[in-house]
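Below is one structure, written out as structure tokens; the observations come after it.
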Amino acid sequence: MAANAIDQTRRMLSLVTYLRERPGAHVADVARAFGITEDELISDLDVLPMCGTSFRGGDLLDIDTDGDRIWWHNPDDVAEPLRLAADEATALLVAARAVATLPGLRESDRDALLRATAKLEAAAGEAAGASARLSVTFESEGGVFAEVDRAISERRRLWVRYYSPARDELTEREVDPIRLFAVGHTYMEAWCRLSEARRTFRLDRVAEIRILDEHAAPPELELRDLSAGLVQPSADDPEVVVEVGPGGRWVAEYYPHDRAEELPDGGLRITLRTPDPASLRRLALRLGSDGRIVAPPELADSARTAAAAALAAYEGV
Amino acid sequence: MAIAKSERLMNLALCLLGTRRPLSKRELRGSIEAYLEASGDDAFNRMFERDKDDLRELGLVIETVENLEGETGYLARRDSNRLPPITLDAEEAAALGLAAKVWQQARLAGAASGALQKLRAAGMPEAGDSYDIQPSALEPRIPVHEAAFEPLMLACRDRRPVVFDYRKGNAARPETRQVEPWTLECWRGHWYLAGWDRDRGAERVFRLSRITGKVRSRAGAFTAPVPDVVTVRETVESWAGETATRSARIRLRAGCGYPLRARAQAVTEGGDGWDELEIPYGHGLDAWLVEFGPDVVVLEPADLRADVVERLRAVAKG
């Protein structure tokens with residue numbers, strides 16, 4: 001609960017300044033401005049009148065509410081805007097600089113962000129210094145990004161030629177874009193009219209893109225919560241077991257998995273689930289002597305067969 | 001019922017901000033209810049020290065001054081705590097609003113919204129103030145899954161040396177590393193730490209996901225200068241084989257291997273269902289080519305060809 005107390009204190013310190021400037025403010029408006037729920041705001045308003053404004057005691061903050069509007073009756077010198085903490089300046093500056101580097105960002109948004117960043121650096125003063133200790137680069141493909149962004153804002157359908165690494169093939173499909181997001185790489189979430197399902201497309205795998213005249217008509221969907229990770233295998237997906245030596249430990253970093261058990265030789269036994277085990281043939285081939293597929297046997301067979309077929313091409317030459 | 005911590009912190013903050021002369025611990029204890037209720041001097045002292053640290057984390061500049069009787073007093077001067085004037089227009093406010101949402105890490109997400117709240121309190125326009133701004137459809141997110149992130153972020157900020165166990169990419173066992181941490185960088189969705197490796201006496205880049213166990217920080221700050229330019233990305237690119245200096249010739253089955261074609265320097269159609277490509281040859285290319293199985297044949301150089309054949313043999317043997 002400690003983290004909540006910190007965040008609440010931080011918020012209440014700003015709240016007193018904010019309310020001073022807006023006598024009779026509406027609870028709903030204030031909650032929206034602070035990015036909190038009305039209940040959270042009400043609980044702040046319960047605490048504030050318990051807070052004294054001087055060490056002598058007695059001078060408690062005078063803030064009251066009827067649940068709809070909020071009134072403030074205090075001397076004006078009680079609540080001045082406070083400088084930014086090092087972490088606050090860092091969090092906002094690093095994020096702003098990162099977003100400003102997205103190649104596909106609209107120029108007007110980028111300009112606004114750069115102006116805001118400069119003003120923020122000036123206002124943060126010394127606190128801005130720590131922000132040099134963190135940096136974030138997004139990967140994004142400028143041209144494709146701009147087309148997707150335009151299609152979303154104009155609600156238009158897209159035609160894409162998309163590369164699927166699992167099958168090593170390009171497919172053409174029409175999609176109704178829903179949103180763009182960046183988590184390391186940049187992705188488009190869209191309703192795929194070919195598979196009639198929600199699909200996520202990594203923009204650097206879009207080989208070609210065109211905005212169509214048709215309007216996009218994606219079904220009403222609840223947006224996925226991305227914080228749990230992009231790949232969220234279902235419990236019904238078949239299990240794949242891979243054993244790797246020390247040189248193959250990277251598999252556990254790149255593939256979301258259920259279990260990774262240490263092996264005596266410094267390797268790992270990794271259990272993961274995927275709707276399409278055949279798509280892991282690439283992994284089996286890549287691992288070489290650094291690992292092998294334990295299950296399912298068909299997957300191990302298909303990797304062996306592919307390797308043997310590939311070797312045949314070298315024998316004759 | 002115990003008094004909530006937020007109420008106690010808020011009282012301390014307002015007292016320190018409101019006073020014109022330093023207040024002693026005794027005076028503060030006497031005027032803040034939660035401190036009056038503290039059971040004993042030790043409990044109060046611990047609580048008071050922690051509260052001061054918490055308020056400093058929130059950005060409050062609290063000065064420690066000794067008064068004439070030799071008693072320590074505390075105050076948060078208005079001048080050093082006031083936000084300098086800052087005027088943001090609605091577009092700039094919307095842009096910062098988008099940026100503040102990118103963090104998926106609790107501490108930074110909290111700090112970013114705290115910063116926005118301070119700016120709002122200082123008069124930054126709200127999204128609802130202007131209806132003609134349509135923000136970009138983009139939702140950038142910065143992932144932070146690594147437990148080592150927060151302690152390393154704080155250590156970089158405070159310039160504290162750290163010790164952690166680190167398992168190199170292909171090592172069986174982790175090794176203990178002692179590092180003066182410089183910067184953290186997120187690239188392609190992964191976090192890296194750049195710093196000075198004390199045992200090796202050299203600059204090193206660490207991938208956070210390979211840190212095993214806890215990051216412990218050493219007492220005291222390091223004083224050696226942090227270089228202005230830290231080359232995390234170049235180091236990681238060379239791990240990933242993207243700093244290729246040579247090129248390779250391969251045969252690729254028609255219609256296959258789009259990513260190989262996308263980075264090819266030259267493509268010649270063979271007409272026999274195969275194309276010939278010239279591609280950059282850097283670290284890791286052999287493993288990548290093997291992924292394409294029987295759809296790729298390496299022509300030259302001979303060492304790459306031998307590496308690919310060896311990998312294929314290992315898989316074929318099972």
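Chain lettering (A, B, ...) mirrors the order of the structure tokens, residue numbering begins at 1 for each chain separately, and ligand numbering begins at 1 in order of display.
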
Looking only at the backbone, which of the residues in segment 3-155 of chain B does DSSP tag as helix (DSSP H, G or I), as an MDAnalysis selection string? chainID B and resid 5:18 25:31 33:36 41:57 78:81 90:100 106:121 127:129 149:155

Suppose we keep C-alpha atoms; can you now write the selection as a short mmCIF file (atom, residue, chain, number, x, y, z; two decimals), in the first residue's frame?
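As written to disk, out.cif reads:
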data_model
loop_
_atom_site.label_atom_id
_atom_site.label_comp_id
_atom_site.auth_asym_id
_atom_site.auth_seq_id
_atom_site.Cartn_x
_atom_site.Cartn_y
_atom_site.Cartn_z
CA LYS B 5 0.20 7.53 5.70
CA SER B 6 -0.92 9.91 2.96
CA GLU B 7 -2.55 12.15 5.57
CA ARG B 8 0.63 12.16 7.64
CA LEU B 9 2.84 12.94 4.62
CA MET B 10 0.48 15.67 3.49
CA ASN B 11 0.54 17.28 6.94
CA LEU B 12 4.31 17.21 7.06
CA ALA B 13 4.57 18.66 3.55
CA LEU B 14 2.16 21.51 4.31
CA CYS B 15 3.90 22.30 7.61
CA LEU B 16 7.32 22.46 6.00
CA LEU B 17 6.04 24.49 3.05
CA GLY B 18 4.05 26.85 5.23
CA LYS B 25 11.58 17.70 15.15
CA ARG B 26 10.00 18.44 18.53
CA GLU B 27 7.75 21.11 17.08
CA LEU B 28 6.74 18.89 14.17
CA ARG B 29 5.99 16.01 16.49
CA GLY B 30 3.84 18.27 18.61
CA SER B 31 1.74 19.54 15.74
CA GLU B 33 -1.44 14.14 14.98
CA ALA B 34 0.06 10.97 13.53
CA TYR B 35 3.37 11.78 15.20
CA LEU B 36 1.66 12.46 18.53
CA ASP B 41 10.79 8.07 20.34
CA ASP B 42 12.26 5.32 18.18
CA ALA B 43 9.01 4.74 16.34
CA PHE B 44 8.62 8.46 15.78
CA ASN B 45 12.20 8.92 14.59
CA ARG B 46 11.98 6.08 12.10
CA MET B 47 8.67 7.35 10.82
CA PHE B 48 9.92 10.91 10.51
CA GLU B 49 13.09 9.95 8.62
CA ARG B 50 11.11 7.77 6.21
CA ASP B 51 8.55 10.50 5.65
CA LYS B 52 11.24 13.06 4.85
CA ASP B 53 12.78 10.67 2.33
CA ASP B 54 9.38 10.04 0.76
CA LEU B 55 8.68 13.75 0.39
CA ARG B 56 12.12 14.28 -1.14
CA GLU B 57 11.33 11.51 -3.65
CA ARG B 78 8.83 28.48 -1.18
CA ASP B 79 11.47 29.75 -3.61
CA SER B 80 13.22 26.44 -4.02
CA ASN B 81 9.98 24.47 -4.28
CA ALA B 90 -3.50 22.75 -25.88
CA GLU B 91 -1.53 20.90 -28.57
CA GLU B 92 1.55 20.65 -26.38
CA ALA B 93 -0.60 19.49 -23.47
CA ALA B 94 -2.19 16.78 -25.63
CA ALA B 95 1.24 15.64 -26.83
CA LEU B 96 2.51 15.33 -23.25
CA GLY B 97 -0.69 13.50 -22.33
CA LEU B 98 0.09 10.89 -24.99
CA ALA B 99 3.70 10.61 -23.83
CA ALA B 100 2.72 10.17 -20.17
CA ALA B 106 4.39 1.32 -11.97
CA ARG B 107 6.96 3.74 -10.60
CA LEU B 108 7.46 5.63 -13.86
CA ALA B 109 3.76 5.56 -14.72
CA GLY B 110 3.02 7.11 -11.32
CA ALA B 111 5.78 9.69 -11.76
CA ALA B 112 4.57 10.63 -15.26
CA SER B 113 1.01 11.18 -14.12
CA GLY B 114 2.33 13.08 -11.11
CA ALA B 115 4.22 15.38 -13.47
CA LEU B 116 1.07 15.94 -15.53
CA GLN B 117 -0.91 16.71 -12.37
CA LYS B 118 1.63 19.32 -11.29
CA LEU B 119 1.48 20.89 -14.73
CA ARG B 120 -2.33 20.88 -14.65
CA ALA B 121 -2.26 22.54 -11.23
CA ALA B 127 -7.78 17.88 -23.34
CA GLY B 128 -11.41 18.91 -23.06
CA ASP B 129 -10.51 22.59 -23.43
CA PHE B 149 14.91 -2.30 -14.02
CA GLU B 150 13.82 -0.28 -11.00
CA PRO B 151 16.86 -0.83 -8.78
CA LEU B 152 19.14 -0.07 -11.74
CA MET B 153 17.18 3.05 -12.66
CA LEU B 154 17.59 4.37 -9.13
CA ALA B 155 21.27 3.39 -9.05
#

Give me the residues near Gly291 of chain A as a list in words, where near means some atom within 6 Å (using only C-alpha atoms) and where sequence neighbours in that chain fewer than 3 positions away do not count.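 Neighbouring residues, sequence-local ones excluded: Glu243, Val244, Gly245 and Leu287 of chain A.
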
Dump as an mmCIF file with N, CA and C atoms, in the first residue's frame the residues of chain A that approach chain B to within 6 Å, counting only C-alpha atoms.
data_model
loop_
_atom_site.group_PDB
_atom_site.id
_atom_site.type_symbol
_atom_site.label_atom_id
_atom_site.label_comp_id
_atom_site.auth_asym_id
_atom_site.auth_seq_id
_atom_site.Cartn_x
_atom_site.Cartn_y
_atom_site.Cartn_z
ATOM 1 N N ALA A 5 0.128 5.325 -1.145
ATOM 2 C CA ALA A 5 0.184 6.494 -0.271
ATOM 3 C C ALA A 5 1.053 7.572 -0.904
ATOM 4 N N THR A 9 -0.345 11.150 -2.035
ATOM 5 C CA THR A 9 0.216 12.395 -1.505
ATOM 6 C C THR A 9 0.618 13.325 -2.639
ATOM 7 N N SER A 14 -0.857 18.460 -5.645
ATOM 8 C CA SER A 14 -1.265 19.201 -6.849
ATOM 9 C C SER A 14 -2.722 19.622 -6.770
ATOM 10 N N THR A 17 -3.502 23.005 -5.153
ATOM 11 C CA THR A 17 -3.209 24.136 -6.041
ATOM 12 C C THR A 17 -4.288 24.264 -7.111
ATOM 13 N N TYR A 18 -4.647 23.122 -7.671
ATOM 14 C CA TYR A 18 -5.615 23.101 -8.767
ATOM 15 C C TYR A 18 -6.966 23.651 -8.301
ATOM 16 N N PHE A 34 -7.296 14.905 -13.522
ATOM 17 C CA PHE A 34 -6.232 14.248 -12.771
ATOM 18 C C PHE A 34 -6.060 12.781 -13.155
ATOM 19 N N CYS A 51 -5.780 17.941 7.121
ATOM 20 C CA CYS A 51 -4.399 18.383 7.008
ATOM 21 C C CYS A 51 -4.267 19.828 7.435
ATOM 22 N N GLY A 52 -3.305 20.079 8.326
ATOM 23 C CA GLY A 52 -3.065 21.424 8.813
ATOM 24 C C GLY A 52 -2.191 22.194 7.845
ATOM 25 N N THR A 53 -2.323 23.502 7.869
ATOM 26 C CA THR A 53 -1.513 24.307 6.965
ATOM 27 C C THR A 53 -0.396 25.020 7.708
ATOM 28 N N SER A 54 -0.320 24.832 9.020
ATOM 29 C CA SER A 54 0.816 25.397 9.742
ATOM 30 C C SER A 54 1.113 24.521 10.940
ATOM 31 N N PHE A 55 2.305 24.667 11.499
ATOM 32 C CA PHE A 55 2.679 23.743 12.568
ATOM 33 C C PHE A 55 1.945 24.053 13.880
ATOM 34 N N GLY A 57 -1.072 24.150 14.321
ATOM 35 C CA GLY A 57 -2.313 23.384 14.416
ATOM 36 C C GLY A 57 -3.502 24.319 14.327
ATOM 37 N N PRO A 81 2.156 26.145 -7.128
ATOM 38 C CA PRO A 81 2.565 24.996 -7.951
ATOM 39 C C PRO A 81 3.960 24.531 -7.552
ATOM 40 N N LEU A 82 4.142 23.219 -7.421
ATOM 41 C CA LEU A 82 5.412 22.672 -6.951
ATOM 42 C C LEU A 82 6.289 22.236 -8.120
ATOM 43 N N ARG A 83 7.597 22.368 -7.924
ATOM 44 C CA ARG A 83 8.554 21.937 -8.942
ATOM 45 C C ARG A 83 8.460 20.430 -9.162
ATOM 46 N N LEU A 84 8.999 20.004 -10.311
ATOM 47 C CA LEU A 84 8.949 18.578 -10.628
ATOM 48 C C LEU A 84 10.047 17.820 -9.895
ATOM 49 N N ALA A 85 9.722 16.619 -9.419
ATOM 50 C CA ALA A 85 10.721 15.742 -8.831
ATOM 51 C C ALA A 85 11.561 15.152 -9.963
ATOM 52 N N ASP A 87 12.227 12.052 -10.647
ATOM 53 C CA ASP A 87 11.552 10.931 -11.305
ATOM 54 C C ASP A 87 10.422 11.405 -12.206
ATOM 55 N N GLU A 88 9.735 12.448 -11.775
ATOM 56 C CA GLU A 88 8.635 12.978 -12.589
ATOM 57 C C GLU A 88 9.163 13.571 -13.889
ATOM 58 N N ALA A 91 10.389 10.647 -16.080
ATOM 59 C CA ALA A 91 9.325 9.846 -16.683
ATOM 60 C C ALA A 91 8.705 10.569 -17.879
ATOM 61 N N LEU A 92 8.455 11.849 -17.725
ATOM 62 C CA LEU A 92 7.774 12.575 -18.801
ATOM 63 C C LEU A 92 8.734 12.922 -19.940
ATOM 64 N N ALA A 95 9.807 9.734 -21.995
ATOM 65 C CA ALA A 95 8.680 9.288 -22.816
ATOM 66 C C ALA A 95 8.467 10.239 -23.989
ATOM 67 N N ALA A 96 8.531 11.551 -23.720
ATOM 68 C CA ALA A 96 8.294 12.528 -24.791
ATOM 69 C C ALA A 96 9.366 12.427 -25.868
ATOM 70 N N ALA A 112 4.649 19.708 -31.666
ATOM 71 C CA ALA A 112 4.082 20.042 -30.358
ATOM 72 C C ALA A 112 4.880 19.372 -29.245
ATOM 73 N N LEU A 113 5.264 18.118 -29.502
ATOM 74 C CA LEU A 113 6.001 17.355 -28.501
ATOM 75 C C LEU A 113 7.382 17.975 -28.262
ATOM 76 N N ALA A 116 6.965 21.176 -26.310
ATOM 77 C CA ALA A 116 6.645 20.876 -24.910
ATOM 78 C C ALA A 116 7.873 20.362 -24.171
ATOM 79 N N ALA A 123 11.650 24.243 -17.339
ATOM 80 C CA ALA A 123 10.934 24.367 -16.072
ATOM 81 C C ALA A 123 11.449 23.375 -15.036
ATOM 82 N N ALA A 130 18.573 13.978 -14.513
ATOM 83 C CA ALA A 130 18.515 12.524 -14.357
ATOM 84 C C ALA A 130 17.885 11.853 -15.577
ATOM 85 N N ARG A 133 19.750 9.589 -17.992
ATOM 86 C CA ARG A 133 20.159 8.236 -17.612
ATOM 87 C C ARG A 133 19.274 7.140 -18.222
ATOM 88 N N LEU A 134 18.231 7.560 -18.923
ATOM 89 C CA LEU A 134 17.302 6.588 -19.517
ATOM 90 C C LEU A 134 17.036 6.993 -20.949
ATOM 91 N N SER A 135 16.991 6.016 -21.859
ATOM 92 C CA SER A 135 16.512 6.388 -23.187
ATOM 93 C C SER A 135 15.808 5.209 -23.840
ATOM 94 N N VAL A 136 14.897 5.542 -24.711
ATOM 95 C CA VAL A 136 14.054 4.527 -25.342
ATOM 96 C C VAL A 136 13.980 4.834 -26.832
ATOM 97 N N THR A 137 14.195 3.808 -27.658
ATOM 98 C CA THR A 137 14.014 3.980 -29.094
ATOM 99 C C THR A 137 12.930 3.022 -29.559
ATOM 100 N N ASP A 149 -1.863 5.046 -39.905
ATOM 101 C CA ASP A 149 -2.373 6.145 -39.080
ATOM 102 C C ASP A 149 -3.490 6.881 -39.824
ATOM 103 N N LEU A 180 -2.920 1.438 -33.589
ATOM 104 C CA LEU A 180 -1.483 1.284 -33.753
ATOM 105 C C LEU A 180 -0.882 1.293 -32.369
ATOM 106 N N PHE A 181 0.066 0.402 -32.127
ATOM 107 C CA PHE A 181 0.765 0.538 -30.863
ATOM 108 C C PHE A 181 2.215 0.142 -31.028
ATOM 109 N N ALA A 182 3.033 0.617 -30.128
ATOM 110 C CA ALA A 182 4.457 0.333 -30.203
ATOM 111 C C ALA A 182 4.890 -0.291 -28.895
ATOM 112 N N VAL A 183 5.396 -1.506 -28.967
ATOM 113 C CA VAL A 183 6.013 -2.164 -27.818
ATOM 114 C C VAL A 183 7.303 -2.726 -28.375
ATOM 115 N N GLY A 184 8.382 -1.974 -28.319
ATOM 116 C CA GLY A 184 9.595 -2.368 -29.024
ATOM 117 C C GLY A 184 9.394 -2.114 -30.502
ATOM 118 N N HIS A 185 8.759 -3.038 -31.193
ATOM 119 C CA HIS A 185 8.384 -2.807 -32.584
ATOM 120 C C HIS A 185 7.024 -2.098 -32.627
ATOM 121 N N PRO A 246 23.499 -24.625 -23.010
ATOM 122 C CA PRO A 246 23.784 -23.249 -22.589
ATOM 123 C C PRO A 246 23.665 -22.257 -23.754
ATOM 124 N N GLY A 247 24.073 -22.656 -24.946
ATOM 125 C CA GLY A 247 24.039 -21.763 -26.103
ATOM 126 C C GLY A 247 22.639 -21.454 -26.603
ATOM 127 N N GLY A 266 23.670 -26.925 -17.593
ATOM 128 C CA GLY A 266 23.580 -25.473 -17.759
ATOM 129 C C GLY A 266 22.546 -25.070 -18.795
ATOM 130 N N ARG A 282 11.153 -23.436 -37.701
ATOM 131 C CA ARG A 282 12.266 -22.487 -37.859
ATOM 132 C C ARG A 282 13.177 -22.493 -36.641
ATOM 133 N N LEU A 285 15.297 -25.620 -36.503
ATOM 134 C CA LEU A 285 16.407 -25.565 -37.448
ATOM 135 C C LEU A 285 17.481 -24.614 -36.943
ATOM 136 N N ARG A 286 17.064 -23.506 -36.407
ATOM 137 C CA ARG A 286 18.002 -22.488 -35.956
ATOM 138 C C ARG A 286 18.887 -22.994 -34.810
ATOM 139 N N GLY A 288 20.182 -25.855 -34.159
ATOM 140 C CA GLY A 288 21.328 -26.695 -34.508
ATOM 141 C C GLY A 288 21.725 -27.585 -33.342
ATOM 142 N N SER A 289 23.032 -27.553 -32.996
ATOM 143 C CA SER A 289 23.482 -28.430 -31.914
ATOM 144 C C SER A 289 23.170 -27.829 -30.550
ATOM 145 N N ARG A 304 14.024 -32.455 -38.837
ATOM 146 C CA ARG A 304 15.045 -33.383 -39.357
ATOM 147 C C ARG A 304 14.921 -33.535 -40.863
ATOM 148 N N ALA A 306 13.574 -31.476 -43.029
ATOM 149 C CA ALA A 306 13.949 -30.236 -43.720
ATOM 150 C C ALA A 306 15.463 -30.104 -43.788
ATOM 151 N N ALA A 307 16.129 -30.440 -42.683
ATOM 152 C CA ALA A 307 17.588 -30.326 -42.654
ATOM 153 C C ALA A 307 18.220 -31.298 -43.649
ATOM 154 N N ALA A 308 17.687 -32.530 -43.714
ATOM 155 C CA ALA A 308 18.225 -33.522 -44.635
ATOM 156 C C ALA A 308 18.036 -33.056 -46.081
ATOM 157 N N ALA A 309 16.858 -32.497 -46.379
ATOM 158 C CA ALA A 309 16.587 -32.004 -47.735
ATOM 159 C C ALA A 309 17.529 -30.858 -48.079
ATOM 160 N N ALA A 310 17.789 -29.995 -47.101
ATOM 161 C CA ALA A 310 18.692 -28.870 -47.349
ATOM 162 C C ALA A 310 20.105 -29.370 -47.615
#

Could you go through segment 151-314 of chain A and tell me which residues DSSP, when run on the backbone, assigns to strand (DSSP E), listing them as a ChimeraX atom specification? /A:156-164,169-183,185-192,197-202,206-215,239-244,259-262,268-273,291-295

Which polymer residues have any atom within 7 Å of an atom of segment 208-221 of chain A, counting only C-alpha atoms, with same-chain residues fewer than 2 positions away left out, as a ChimeraX atom specification? /A:144,151,155-161,176,191,206,223

Report the distance between atom CA of Glu239 of chain A and atom CA of Asp290 of chain A in Å, rounded to one decimal place.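 Separation between atom CA of Glu239 of chain A and atom CA of Asp290 of chain A: 20.3 Å.
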
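Comparing A:Asn4, A:Thr37, A:Thr305, A:Ser279 by their smallest distance to Arg167 of chain A, the closest is A:Ser279 (using only C-alpha atoms).
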
Contacts of Arg200 of chain B within 10 Å, only C-alpha atoms, excl. fewer than 3 positions in-chain, as a ChimeraX atom specification: /B:177-179,196-197,203-204

If we count only C-alpha atoms, what is near Gly67 of chain A at a cut-off of 8 Å, once residues fewer than 2 positions away on the same chain are taken out, given as a PDB file with C-alpha atoms, in the first residue's frame?
ATOM      1  CA  VAL A  27     -16.017  16.499  -9.133  1.00  0.00           C
ATOM      2  CA  ILE A  42     -13.648  11.777  -3.037  1.00  0.00           C
ATOM      3  CA  THR A  65     -17.808  19.137  -1.331  1.00  0.00           C
ATOM      4  CA  ARG A  69     -18.904  20.479  -6.673  1.00  0.00           C
ATOM      5  CA  ILE A  70     -15.883  21.400  -4.603  1.00  0.00           C
TER       6      ILE A  70
END
